[in-house]
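So this one's data_13.cif, mmCIF, C-alpha atoms and all ligand atoms:
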```cif
data_my_file
#
loop_
_atom_site.label_atom_id
_atom_site.label_comp_id
_atom_site.auth_asym_id
_atom_site.auth_seq_id
_atom_site.Cartn_x
_atom_site.Cartn_y
_atom_site.Cartn_z
CA MET Y 1 60.75 22.21 140.38
CA GLY Y 2 64.34 21.52 141.40
CA GLN Y 3 66.59 19.07 139.61
CA PRO Y 4 68.49 17.25 142.37
CA VAL Y 5 69.62 14.44 140.07
CA LEU Y 6 71.45 16.95 137.88
CA GLN Y 7 73.19 18.81 140.70
CA HIS Y 8 76.65 17.54 139.92
CA VAL Y 9 76.40 17.56 136.14
CA SER Y 10 78.25 20.49 134.56
CA LEU Y 11 76.81 22.64 131.79
CA ALA Y 12 79.31 21.15 129.30
CA GLU Y 13 78.14 17.67 130.27
CA ARG Y 14 74.48 18.68 129.97
CA ILE Y 15 75.11 20.05 126.48
CA TYR Y 16 76.80 16.79 125.56
CA LEU Y 17 73.80 14.81 126.88
CA VAL Y 18 71.42 16.72 124.59
CA ARG Y 19 73.67 16.58 121.55
CA SER Y 20 74.62 12.90 121.80
CA SER Y 21 71.08 11.63 122.47
CA VAL Y 22 69.75 8.79 120.36
CA MET Y 23 66.48 10.74 120.16
CA HIS Y 24 67.71 12.68 117.12
CA ASP Y 25 67.74 9.45 115.11
CA VAL Y 26 64.57 8.07 116.69
CA LEU Y 27 62.65 11.16 115.65
CA ASP Y 28 63.83 10.74 112.05
CA VAL Y 29 61.71 7.58 112.06
CA LEU Y 30 58.85 8.63 114.28
CA ALA Y 31 58.19 12.32 113.91
CA ASP Y 32 56.95 12.18 110.33
CA PRO Y 33 53.14 12.05 110.38
CA TRP Y 34 52.93 9.71 107.37
CA GLN Y 35 55.54 7.32 108.71
CA LEU Y 36 53.64 7.11 111.96
CA ALA Y 37 50.35 6.52 110.13
CA ILE Y 38 51.88 3.87 107.84
CA LEU Y 39 53.36 1.94 110.77
CA LYS Y 40 50.04 2.02 112.61
CA SER Y 41 48.14 0.86 109.52
CA VAL Y 42 50.23 -2.30 109.14
CA LEU Y 43 50.63 -3.04 112.85
CA HIS Y 44 48.19 -5.94 112.87
CA ASN Y 45 48.05 -7.01 109.20
CA PRO Y 46 50.33 -6.62 106.21
CA LEU Y 47 48.97 -4.32 103.49
CA ARG Y 48 49.63 -3.78 99.80
CA PHE Y 49 50.72 -0.45 98.38
CA ASP Y 50 47.26 0.41 97.05
CA GLU Y 51 45.60 -0.70 100.27
CA ILE Y 52 47.72 1.76 102.25
CA ILE Y 53 46.79 4.53 99.80
CA GLY Y 54 43.14 3.59 100.22
CA ARG Y 55 43.38 3.84 104.00
CA LEU Y 56 45.53 6.92 104.36
CA GLY Y 57 44.83 8.99 101.24
CA ILE Y 58 48.56 9.60 100.76
CA SER Y 59 50.01 10.33 97.28
CA ARG Y 60 51.90 7.52 95.53
CA ALA Y 61 55.18 9.43 95.51
CA ALA Y 62 54.95 10.34 99.20
CA LEU Y 63 54.04 6.76 100.15
CA SER Y 64 56.81 5.26 98.06
CA MET Y 65 59.39 7.51 99.72
CA ARG Y 66 58.10 6.73 103.23
CA LEU Y 67 58.00 2.97 102.57
CA ASN Y 68 61.59 3.01 101.33
CA LEU Y 69 62.68 4.87 104.43
CA LEU Y 70 60.79 2.57 106.81
CA CYS Y 71 62.24 -0.51 105.08
CA GLU Y 72 65.71 1.03 105.23
CA HIS Y 73 65.20 1.57 108.99
CA ASN Y 74 64.07 -2.09 109.33
CA CYS Y 75 60.64 -1.11 110.64
CA LEU Y 76 58.89 -2.67 107.63
CA GLN Y 77 59.68 -5.48 105.25
CA ARG Y 78 58.60 -5.84 101.66
CA GLU Y 79 57.28 -9.24 100.68
CA HIS Y 80 56.21 -10.69 97.34
CA TYR Y 81 52.66 -11.81 96.92
CA GLY Y 82 50.75 -13.35 94.03
CA SER Y 83 52.11 -15.53 91.28
CA SER Y 84 53.80 -12.88 89.14
CA GLY Y 85 56.34 -12.11 91.86
CA LYS Y 86 56.19 -8.46 90.90
CA ARG Y 87 53.80 -7.25 93.56
CA PHE Y 88 54.61 -6.51 97.16
CA GLU Y 89 52.97 -6.20 100.47
CA TYR Y 90 54.37 -4.46 103.51
CA ARG Y 91 54.67 -6.21 106.83
CA ILE Y 92 55.78 -4.74 110.15
CA THR Y 93 59.01 -6.18 111.54
CA GLU Y 94 59.74 -7.07 115.16
CA GLN Y 95 61.59 -3.75 115.39
CA GLY Y 96 58.58 -1.85 114.07
CA ARG Y 97 56.19 -3.75 116.33
CA ASP Y 98 58.30 -2.71 119.31
CA LEU Y 99 57.04 0.84 118.72
CA ALA Y 100 53.42 -0.06 119.48
CA PRO Y 101 53.60 1.27 123.08
CA VAL Y 102 54.82 4.63 121.74
CA PHE Y 103 51.71 4.93 119.54
CA ILE Y 104 49.51 4.27 122.58
CA LEU Y 105 51.43 6.70 124.79
CA MET Y 106 51.13 9.45 122.15
CA ASP Y 107 47.44 8.75 121.81
CA GLN Y 108 47.05 8.95 125.61
CA TRP Y 109 48.91 12.28 125.77
CA ASN Y 110 46.67 13.72 123.06
CA HIS Y 111 43.63 12.41 124.91
CA ASP Y 112 44.74 13.74 128.31
CA TRP Y 113 45.96 17.17 127.22
CA LEU Y 114 43.97 17.99 124.08
CA GLY Y 115 40.80 16.10 124.86
CA SER Y 116 41.13 14.13 121.59
CA PRO Y 117 39.12 10.91 121.44
CA LEU Y 118 41.37 7.85 121.76
CA GLU Y 119 42.25 6.62 118.27
CA THR Y 120 42.06 3.03 119.30
CA ALA Y 121 40.10 1.83 122.27
CA HIS Y 122 41.91 -1.39 123.13
CA GLU Y 123 41.46 -3.55 126.11
CA CYS Y 124 44.37 -5.05 128.00
CA PRO Y 125 44.82 -8.66 126.75
CA HIS Y 126 45.66 -9.78 130.31
CA CYS Y 127 43.08 -8.13 132.58
CA LEU Y 128 40.56 -7.04 129.89
CA GLN Y 129 40.26 -3.56 131.41
CA PRO Y 130 40.33 -0.58 129.02
CA LEU Y 131 43.99 -0.27 128.07
CA ARG Y 132 45.92 2.50 129.76
CA LEU Y 133 49.72 2.33 129.74
CA GLN Y 134 52.20 3.67 132.23
CA VAL Y 135 55.95 3.49 132.00
CA ILE Y 136 57.61 1.60 134.82
CA CYS Y 137 61.18 0.57 135.67
CA ARG Y 138 61.89 -3.02 134.61
CA GLN Y 139 64.01 -3.54 137.73
CA CYS Y 140 61.94 -2.08 140.60
CA ARG Y 141 58.57 -1.85 138.77
CA THR Y 142 57.82 1.64 140.10
CA PRO Y 143 56.20 4.11 137.68
CA LEU Y 144 58.64 6.56 136.11
CA ARG Y 145 58.42 10.06 137.53
CA PRO Y 146 60.13 13.14 136.12
CA LEU Y 147 63.67 13.77 137.29
CA GLN Y 148 64.27 10.29 138.67
CA LEU Y 149 66.87 9.48 136.03
CA LYS Y 150 70.41 10.48 136.82
CA PRO Y 151 72.87 10.69 133.93
CA LEU Y 152 76.12 8.92 134.77
CA PHE Y 153 79.27 9.18 132.69
CA PHE Y 154 81.43 6.07 132.33
CA ASP Y 155 84.76 7.82 131.90
CA GLU Y 156 85.33 11.20 133.46
CA ASN Y 157 88.47 11.85 131.45
CA GLU Y 158 86.82 11.42 128.10
CA SER Y 159 86.58 14.77 126.30
CA LEU Y 160 82.96 15.61 125.77
CA TYR Y 161 82.20 16.82 122.32
CA ALA Y 162 79.27 16.21 120.03
CA GLU Y 163 78.00 18.25 117.13
CA ILE Y 164 74.37 19.19 117.04
CA PRO Y 165 73.03 16.68 114.50
CA ASP Y 166 71.41 17.72 111.25
CA TYR Y 167 68.00 16.21 110.72
CA ARG Y 168 66.78 14.31 107.73
CA ARG Y 169 63.14 15.00 108.49
CA THR Y 170 61.55 18.02 106.97
CA ARG Y 171 61.51 21.14 109.03
CA SER Y 172 58.04 22.20 109.77
CA THR Y 173 56.88 24.79 112.24
CA PRO Y 174 54.07 23.71 114.51
CA GLY Y 175 51.50 26.38 115.06
CA LYS Y 176 51.76 27.65 111.48
CA ASN Y 177 48.58 28.98 109.91
CA ASP Y 178 47.39 30.27 113.27
CA THR Y 179 46.90 26.81 114.77
CA ASP Y 180 46.01 27.20 118.43
CA PRO Y 181 49.21 26.13 120.28
CA MET Y 182 47.01 24.43 122.87
CA LEU Y 183 45.89 22.02 120.11
CA ILE Y 184 49.36 20.89 119.00
CA ARG Y 185 49.65 17.12 119.33
CA ALA Y 186 52.46 15.19 121.04
CA GLU Y 187 53.87 13.96 117.73
CA ALA Y 188 53.81 17.49 116.29
CA TRP Y 189 55.79 18.93 119.21
CA LEU Y 190 58.36 16.17 118.73
CA ARG Y 191 58.27 16.54 114.94
CA ASP Y 192 59.55 20.08 115.16
CA ARG Y 193 63.32 19.94 115.46
CA TRP Y 194 63.63 23.11 117.53
CA SER Y 195 60.75 22.41 119.93
CA ALA Y 196 62.07 18.88 120.53
CA LEU Y 197 65.58 20.18 121.17
CA ILE Y 198 64.35 22.85 123.60
CA ILE Y 199 62.33 20.22 125.48
CA GLY Y 200 65.49 18.03 125.54
CA CYS Y 201 67.49 20.94 127.00
CA LEU Y 202 64.95 21.45 129.76
CA LEU Y 203 64.89 17.74 130.61
CA PHE Y 204 68.66 17.87 131.08
CA GLY Y 205 68.53 21.03 133.18
CA ILE Y 206 69.63 23.56 130.54
CA PHE Y 207 67.11 26.26 131.30
CA ARG Y 208 68.68 29.65 130.65
CA TYR Y 209 68.11 31.37 127.31
CA ALA Y 210 71.83 31.78 126.56
CA ASP Y 211 72.63 28.16 127.53
CA ILE Y 212 69.83 26.77 125.35
CA GLN Y 213 71.07 28.90 122.48
CA GLU Y 214 74.62 27.62 122.89
CA CYS Y 215 73.53 24.00 123.25
CA ILE Y 216 71.37 23.75 120.17
CA ASP Y 217 73.02 26.42 118.03
CA ILE Y 218 69.81 28.21 117.13
CA ALA Y 219 69.29 31.74 115.76
CA PRO Y 220 68.05 34.09 118.51
CA ASN Y 221 64.86 35.06 116.65
CA ILE Y 222 63.92 31.41 116.08
CA LEU Y 223 64.64 30.55 119.72
CA ALA Y 224 62.45 33.44 120.88
CA GLN Y 225 59.65 32.34 118.54
CA ARG Y 226 59.78 28.71 119.69
CA LEU Y 227 59.91 29.61 123.39
CA ASP Y 228 56.86 31.81 122.86
CA LEU Y 229 55.03 28.99 121.06
CA LEU Y 230 55.95 26.45 123.78
CA ILE Y 231 54.75 28.85 126.48
CA ARG Y 232 51.47 29.55 124.64
CA GLY Y 233 51.03 25.78 124.26
CA GLN Y 234 51.61 25.51 128.04
CA MET Y 235 54.50 23.11 127.53
CA LEU Y 236 56.86 25.32 129.47
CA GLN Y 237 56.81 28.34 131.73
CA ARG Y 238 59.09 31.17 132.81
CA ARG Y 239 60.93 30.65 136.07
CA GLU Y 240 61.36 33.38 138.62
CA ASP Y 241 65.08 33.54 137.83
CA GLY Y 242 64.32 34.32 134.18
CA GLY Y 243 64.95 30.78 132.88
CA TYR Y 244 62.40 28.25 131.66
CA SER Y 245 60.98 25.02 133.03
CA LEU Y 246 58.62 22.36 131.73
CA THR Y 247 55.04 22.39 132.94
CA GLU Y 248 53.15 19.28 133.99
CA ARG Y 249 51.88 19.06 130.42
CA GLY Y 250 55.45 19.25 129.08
CA TYR Y 251 56.71 16.67 131.58
CA ALA Y 252 53.90 14.34 130.50
CA LEU Y 253 55.98 13.66 127.35
CA TYR Y 254 58.79 12.26 129.51
CA PRO Y 255 57.68 8.61 129.81
CA MET Y 256 57.03 8.52 126.05
CA ILE Y 257 60.46 9.99 125.34
CA GLN Y 258 62.09 7.33 127.56
CA VAL Y 259 60.35 4.50 125.69
CA MET Y 260 61.45 6.03 122.37
CA ARG Y 261 65.00 6.41 123.67
CA ALA Y 262 65.13 2.77 124.79
CA TRP Y 263 63.79 1.68 121.40
CA GLY Y 264 66.55 3.64 119.65
CA MET Y 265 69.24 2.14 121.89
CA LYS Y 266 67.94 -1.35 121.19
CA TRP Y 267 67.35 -1.11 117.46
CA LEU Y 268 69.17 1.76 115.77
CA PRO Y 269 72.68 0.94 114.61
CA GLY Y 270 75.54 2.90 116.11
CA HIS Y 271 73.86 3.63 119.42
CA SER Y 272 74.72 2.14 122.80
CA PRO Y 273 75.38 3.58 126.25
CA ILE Y 274 79.04 2.55 125.86
CA LYS Y 275 79.40 4.48 122.63
CA HIS Y 276 77.68 7.57 124.02
CA GLY Y 277 79.74 7.37 127.21
CA TRP Y 278 76.77 7.78 129.53
CA GLY Y 279 73.71 6.02 130.81
CA LEU Y 280 70.67 6.84 132.90
CA LEU Y 281 70.40 5.51 136.42
CA HIS Y 282 66.95 5.02 137.96
CA THR Y 283 67.48 6.72 141.33
CA PRO Y 284 64.80 4.79 143.32
CA CYS Y 285 66.55 1.44 142.69
CA LEU Y 286 70.02 2.56 141.45
CA SER Y 287 69.83 0.32 138.36
CA TRP Y 288 70.36 1.38 134.76
CA PHE Y 289 66.95 2.51 133.66
CA ASN Y 290 65.13 0.18 131.32
CA PRO Y 291 61.53 1.26 130.69
CA VAL Y 292 58.57 -1.07 130.35
CA ALA Y 293 55.19 0.14 129.07
CA ALA Y 294 52.80 -1.72 131.34
CA CYS Y 295 49.04 -1.85 131.89
CA ILE Y 296 48.10 0.54 134.67
CA HIS Y 297 45.64 -2.00 136.09
CA CYS Y 298 47.55 -5.30 136.05
CA GLN Y 299 51.17 -4.13 135.45
CA MET Y 300 51.65 -6.62 132.61
CA GLN Y 301 53.99 -5.48 129.85
CA TYR Y 302 52.16 -4.34 126.74
CA SER Y 303 53.11 -5.87 123.43
CA VAL Y 304 51.32 -6.47 120.15
ZN ZN Y 401 45.95 -5.21 132.26
ZN ZN Y 402 64.00 1.19 139.24
#
```
Represent the structure contained in this file as structure tokens.
Ligand SMILES: [Zn+2]
Ligand SMILES: [Zn+2]
Amino acid sequence: MGQPVLQHVSLAERIYLVRSSVMHDVLDVLADPWQLAILKSVLHNPLRFDEIIGRLGISRAALSMRLNLLCEHNCLQREHYGSSGKRFEYRITEQGRDLAPVFILMDQWNHDWLGSPLETAHECPHCLQPLRLQVICRQCRTPLRPLQLKPLFFDENESLYAEIPDYRRTRSTPGKNDTDPMLIRAEAWLRDRWSALIIGCLLFGIFRYADIQECIDIAPNILAQRLDLLIRGQMLQRREDGGYSLTERGYALYPMIQVMRAWGMKWLPGHSPIKHGWGLLHTPCLSWFNPVAACIHCQMQYSV
């Protein structure tokens, strides 16, 4: 598949796009399996500490750490309950609730590509059909397709430099313990720093081995191992020219990634298109892209 929207973007600019993406910070919140599970468990009703343990089977220490982090990121708030004033329950914030479409999109990816049963079989509150979300452009309402977003830089004279960020989240390798790579879930691909960065490179048209290595500053043996895992998981494929490209299965993460990116831009401190020096133009309507997760049947925006 060609990448017409990236034709006039230099390699240095592409590297900058990957390194300066808000996704690094978004995945600190979302790629941890417990954090994801905790947010989902309190999405509709606040829960007490012991109630979350009862639902998720998480250890007290692990839960306490995750709750602190989610409160620090303003996704949850701690509220007193009872007369003693010493006990707390955890309630999702507006910021946390804004992630609900991401949970559904991940669930849909796992259903479509792994055959997993849908975790939650909702119906659309507007048309009452079984809920299925698609990501559309807020401006022109057309569904997002791969490679329709063109990165535009605000100031051509600005020197482009960004370090590759260090991640707070634990480094885990998907596919450890002989897991079948075809069974790796959306959140697990994104949870792995290196797999997520390689997917980011490919989305921004960095597809040669040496260019990926330069962009994400990865040891050659680890890059080779991750590329092999991504190929065996059918997330990417070799190109005839020796580079790599995403498969349909890999591209199916794209709408989800755009919703996560928009969430980060809206809610995470220190991120804005102005600060990053670039934005994404939706090429069908030539507006700045603003994604909406909408019901596939009635096009109404999904919110909890
Ligand atoms: Zn609907
Ligand atoms: Zn549009």
Do you know which residues are at most 9 Å from stretch 193-203 of chain Y counting only C-alpha atoms, after dropping those on the same chain fewer than 6 positions away, and could you put them as JSON, numbers by chain?
{"Y": [14, 15, 17, 18, 19, 24, 27, 146, 147, 167, 169, 170, 171, 172, 173, 174, 211, 212, 215, 216, 218, 222, 223, 226, 227, 229, 230, 235, 236, 244, 245, 246, 250, 251, 254]}
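Residues with any atom within 7 Å of Y:Arg78, counting all atoms listed in the file and excluding same-chain neighbours fewer than 6 positions away, are Y:Phe88, Y:Glu89, Y:Tyr90, Y:Arg91.
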Residue selection dump (C-alpha atoms) as a compact mmCIF listing (two decimals), in the frame of the given file:
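selection-v4.txt written:
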```txt
# COMPACT_ATOMS: atom_id res chain seq x y z
CA PHE Y 88 54.61 -6.51 97.16
CA GLU Y 89 52.97 -6.20 100.47
CA TYR Y 90 54.37 -4.46 103.51
CA ARG Y 91 54.67 -6.21 106.83
```
Per residue of chain Y within 7 Å of ligand ZN 401 (chain Y), what are the shortest atom pair and its distance in Å to one decimal, counting all atoms listed in the file, with rows by chain and residue number, as CSV?
```
residue,atom,partner,partner_atom,distance
Y:Cys124,CA,Y:ZN401,ZN,4.5
Y:Pro125,CA,Y:ZN401,ZN,6.6
Y:His126,CA,Y:ZN401,ZN,5.0
Y:Cys127,CA,Y:ZN401,ZN,4.1
Y:Leu128,CA,Y:ZN401,ZN,6.2
Y:Gln129,CA,Y:ZN401,ZN,6.0
Y:Leu131,CA,Y:ZN401,ZN,6.8
Y:Cys295,CA,Y:ZN401,ZN,4.6
Y:Ile296,CA,Y:ZN401,ZN,6.6
Y:His297,CA,Y:ZN401,ZN,5.0
Y:Cys298,CA,Y:ZN401,ZN,4.1
Y:Gln299,CA,Y:ZN401,ZN,6.2
Y:Met300,CA,Y:ZN401,ZN,5.9
```
May I have the residues within 10 Å of ligand ZN 402 (chain Y), computed using only C-alpha atoms and all ligand atoms, as a PDB file with C-alpha atoms, in the frame of the given file?
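Result went into pocket13.pdb, see below:
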```
ATOM      1  CA  ILE Y 136      57.610   1.600 134.820  1.00  0.00           C
ATOM      2  CA  CYS Y 137      61.180   0.570 135.670  1.00  0.00           C
ATOM      3  CA  ARG Y 138      61.890  -3.020 134.610  1.00  0.00           C
ATOM      4  CA  GLN Y 139      64.010  -3.540 137.730  1.00  0.00           C
ATOM      5  CA  CYS Y 140      61.940  -2.080 140.600  1.00  0.00           C
ATOM      6  CA  ARG Y 141      58.570  -1.850 138.770  1.00  0.00           C
ATOM      7  CA  THR Y 142      57.820   1.640 140.100  1.00  0.00           C
ATOM      8  CA  PRO Y 143      56.200   4.110 137.680  1.00  0.00           C
ATOM      9  CA  LEU Y 144      58.640   6.560 136.110  1.00  0.00           C
ATOM     10  CA  GLN Y 148      64.270  10.290 138.670  1.00  0.00           C
ATOM     11  CA  LEU Y 149      66.870   9.480 136.030  1.00  0.00           C
ATOM     12  CA  LEU Y 281      70.400   5.510 136.420  1.00  0.00           C
ATOM     13  CA  HIS Y 282      66.950   5.020 137.960  1.00  0.00           C
ATOM     14  CA  THR Y 283      67.480   6.720 141.330  1.00  0.00           C
ATOM     15  CA  PRO Y 284      64.800   4.790 143.320  1.00  0.00           C
ATOM     16  CA  CYS Y 285      66.550   1.440 142.690  1.00  0.00           C
ATOM     17  CA  LEU Y 286      70.020   2.560 141.450  1.00  0.00           C
ATOM     18  CA  SER Y 287      69.830   0.320 138.360  1.00  0.00           C
ATOM     19  CA  TRP Y 288      70.360   1.380 134.760  1.00  0.00           C
ATOM     20  CA  PHE Y 289      66.950   2.510 133.660  1.00  0.00           C
ATOM     21  CA  ASN Y 290      65.130   0.180 131.320  1.00  0.00           C
ATOM     22  CA  PRO Y 291      61.530   1.260 130.690  1.00  0.00           C
TER      23      PRO Y 291
END
```
Find the nearest atom pair between each residue of stretch 206-284 of chain Y and stretch 100-118 of chain Y for residues within 12 Å, count only C-alpha atoms, give distances in Å to one decimal, sort rows by chain and ascending number, and present the table as a Markdown table.
```
| residue | atom | partner | partner_atom | distance |
| --- | --- | --- | --- | --- |
| Y:Gly233 | CA | Y:Trp113 | CA | 10.4 |
| Y:Gln234 | CA | Y:Trp113 | CA | 10.1 |
| Y:Met235 | CA | Y:Trp113 | CA | 10.4 |
| Y:Thr247 | CA | Y:Trp113 | CA | 11.9 |
| Y:Glu248 | CA | Y:Trp113 | CA | 10.1 |
| Y:Arg249 | CA | Y:Trp113 | CA | 7.0 |
| Y:Gly250 | CA | Y:Trp113 | CA | 9.9 |
| Y:Tyr251 | CA | Y:Trp109 | CA | 10.7 |
| Y:Ala252 | CA | Y:Trp109 | CA | 7.2 |
| Y:Leu253 | CA | Y:Trp109 | CA | 7.4 |
| Y:Tyr254 | CA | Y:Leu105 | CA | 10.4 |
| Y:Pro255 | CA | Y:Leu105 | CA | 8.2 |
| Y:Met256 | CA | Y:Leu105 | CA | 6.0 |
| Y:Ile257 | CA | Y:Val102 | CA | 8.6 |
| Y:Gln258 | CA | Y:Val102 | CA | 9.7 |
| Y:Val259 | CA | Y:Val102 | CA | 6.8 |
| Y:Met260 | CA | Y:Val102 | CA | 6.8 |
| Y:Arg261 | CA | Y:Val102 | CA | 10.5 |
| Y:Ala262 | CA | Y:Val102 | CA | 10.9 |
| Y:Trp263 | CA | Y:Val102 | CA | 9.4 |
| Y:Gly264 | CA | Y:Val102 | CA | 12.0 |
```
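Among the candidate residues Y:Met23, Y:Leu11, Y:Ala121, Y:Ile231, the one lying nearest to Y:Asp180 is Y:Ile231, with distances computed using all atoms listed in the file.
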Separation of atom CA of Y:Arg48 and atom CA of Y:Leu76, in Å?
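According to the coordinates, atom CA of Y:Arg48 and atom CA of Y:Leu76 are separated by 12.2 Å.
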What's the 9 Å shell around stretch 31-40 of chain Y, counting all atoms listed in the file, without same-chain residues fewer than 3 positions away, as JSON, numbers by chain?
{"Y": [26, 27, 28, 43, 44, 52, 56, 58, 62, 63, 66, 67, 69, 70, 75, 76, 92, 96, 97, 99, 100, 103, 169, 170, 187, 188, 189, 190, 191, 192]}
May I have the residues from that selection written out with C-alpha atoms, as a compact mmCIF listing (two decimals), in the coordinates of the input?
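Result file follows (again-v8.txt):
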```
# COMPACT_ATOMS: atom_id res chain seq x y z
CA VAL Y 26 64.57 8.07 116.69
CA LEU Y 27 62.65 11.16 115.65
CA ASP Y 28 63.83 10.74 112.05
CA LEU Y 43 50.63 -3.04 112.85
CA HIS Y 44 48.19 -5.94 112.87
CA ILE Y 52 47.72 1.76 102.25
CA LEU Y 56 45.53 6.92 104.36
CA ILE Y 58 48.56 9.60 100.76
CA ALA Y 62 54.95 10.34 99.20
CA LEU Y 63 54.04 6.76 100.15
CA ARG Y 66 58.10 6.73 103.23
CA LEU Y 67 58.00 2.97 102.57
CA LEU Y 69 62.68 4.87 104.43
CA LEU Y 70 60.79 2.57 106.81
CA CYS Y 75 60.64 -1.11 110.64
CA LEU Y 76 58.89 -2.67 107.63
CA ILE Y 92 55.78 -4.74 110.15
CA GLY Y 96 58.58 -1.85 114.07
CA ARG Y 97 56.19 -3.75 116.33
CA LEU Y 99 57.04 0.84 118.72
CA ALA Y 100 53.42 -0.06 119.48
CA PHE Y 103 51.71 4.93 119.54
CA ARG Y 169 63.14 15.00 108.49
CA THR Y 170 61.55 18.02 106.97
CA GLU Y 187 53.87 13.96 117.73
CA ALA Y 188 53.81 17.49 116.29
CA TRP Y 189 55.79 18.93 119.21
CA LEU Y 190 58.36 16.17 118.73
CA ARG Y 191 58.27 16.54 114.94
CA ASP Y 192 59.55 20.08 115.16
```
In Å to one decimal, how far is atom CA of Y:His73 from atom CA of Y:Val29?
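Those two atoms sit 7.6 Å apart.
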Atom CA of Y:Ala186 to atom CA of Y:Glu119, straight-line distance in Å
13.6 Å
Counting all atoms listed in the file, which of Y:Ile206, Y:His80, Y:Gln95, Y:Val42 gets nearest to Y:Leu268?
Y:Gln95
Around all listed atoms of stretch 253-265 of chain Y, padded 3 Å per side, what centre and edge lengths does the axis-aligned box have in Å to one decimal, as AutoDock Vina command-line options?
```
--center_x 62.6 --center_y 7.7 --center_z 124.7 --size_x 19.3 --size_y 18.0 --size_z 16.2
```
Residue with smallest distance to Y:Gln301 - pool Y:Val9, Y:Ile53, Y:Leu133, Y:Leu47, counting all atoms listed in the file:
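Under the stated criterion, the closest residue is Y:Leu133.
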File contents for stretch 106-155 of chain Y with C-alpha atoms as a compact mmCIF listing (two decimals), in the first residue's frame:
```txt
# COMPACT_ATOMS: atom_id res chain seq x y z
CA MET Y 106 -10.23 -2.83 21.79
CA ASP Y 107 -12.93 -5.37 22.52
CA GLN Y 108 -14.08 -5.20 18.88
CA TRP Y 109 -10.52 -5.70 17.58
CA ASN Y 110 -10.08 -8.75 19.81
CA HIS Y 111 -13.43 -10.06 18.62
CA ASP Y 112 -12.72 -9.45 14.93
CA TRP Y 113 -9.14 -10.71 14.80
CA LEU Y 114 -8.88 -13.25 17.62
CA GLY Y 115 -12.44 -14.49 17.64
CA SER Y 116 -12.77 -13.58 21.35
CA PRO Y 117 -16.34 -13.27 22.61
CA LEU Y 118 -17.31 -9.62 23.16
CA GLU Y 119 -16.70 -8.75 26.81
CA THR Y 120 -19.75 -6.58 26.99
CA ALA Y 121 -22.67 -6.95 24.66
CA HIS Y 122 -24.17 -3.46 24.77
CA GLU Y 123 -26.88 -2.06 22.65
CA CYS Y 124 -26.72 1.42 21.19
CA PRO Y 125 -28.75 3.73 23.50
CA HIS Y 126 -30.05 5.62 20.43
CA CYS Y 127 -31.07 2.97 17.89
CA LEU Y 128 -31.06 -0.09 20.22
CA GLN Y 129 -29.10 -2.17 17.69
CA PRO Y 130 -26.19 -4.27 19.01
CA LEU Y 131 -23.44 -1.72 19.62
CA ARG Y 132 -20.69 -1.59 17.05
CA LEU Y 133 -18.48 1.50 16.93
CA GLN Y 134 -16.66 3.05 14.03
CA VAL Y 135 -14.42 6.07 14.11
CA ILE Y 136 -15.58 8.95 11.95
CA CYS Y 137 -14.38 12.51 11.30
CA ARG Y 138 -16.29 15.04 13.40
CA GLN Y 139 -16.25 17.51 10.51
CA CYS Y 140 -17.25 15.47 7.43
CA ARG Y 141 -18.64 12.39 9.26
CA THR Y 142 -16.89 9.93 6.93
CA PRO Y 143 -15.39 6.80 8.52
CA LEU Y 144 -11.65 7.00 9.11
CA ARG Y 145 -9.60 4.97 6.66
CA PRO Y 146 -5.88 4.25 6.94
CA LEU Y 147 -3.57 6.85 5.45
CA GLN Y 148 -6.15 9.61 5.22
CA LEU Y 149 -4.41 11.73 7.85
CA LYS Y 150 -1.72 14.04 6.60
CA PRO Y 151 0.76 15.40 9.15
CA LEU Y 152 1.21 19.14 8.75
CA PHE Y 153 3.92 21.14 10.48
CA PHE Y 154 3.06 24.63 11.69
CA ASP Y 155 6.52 26.14 11.38
```
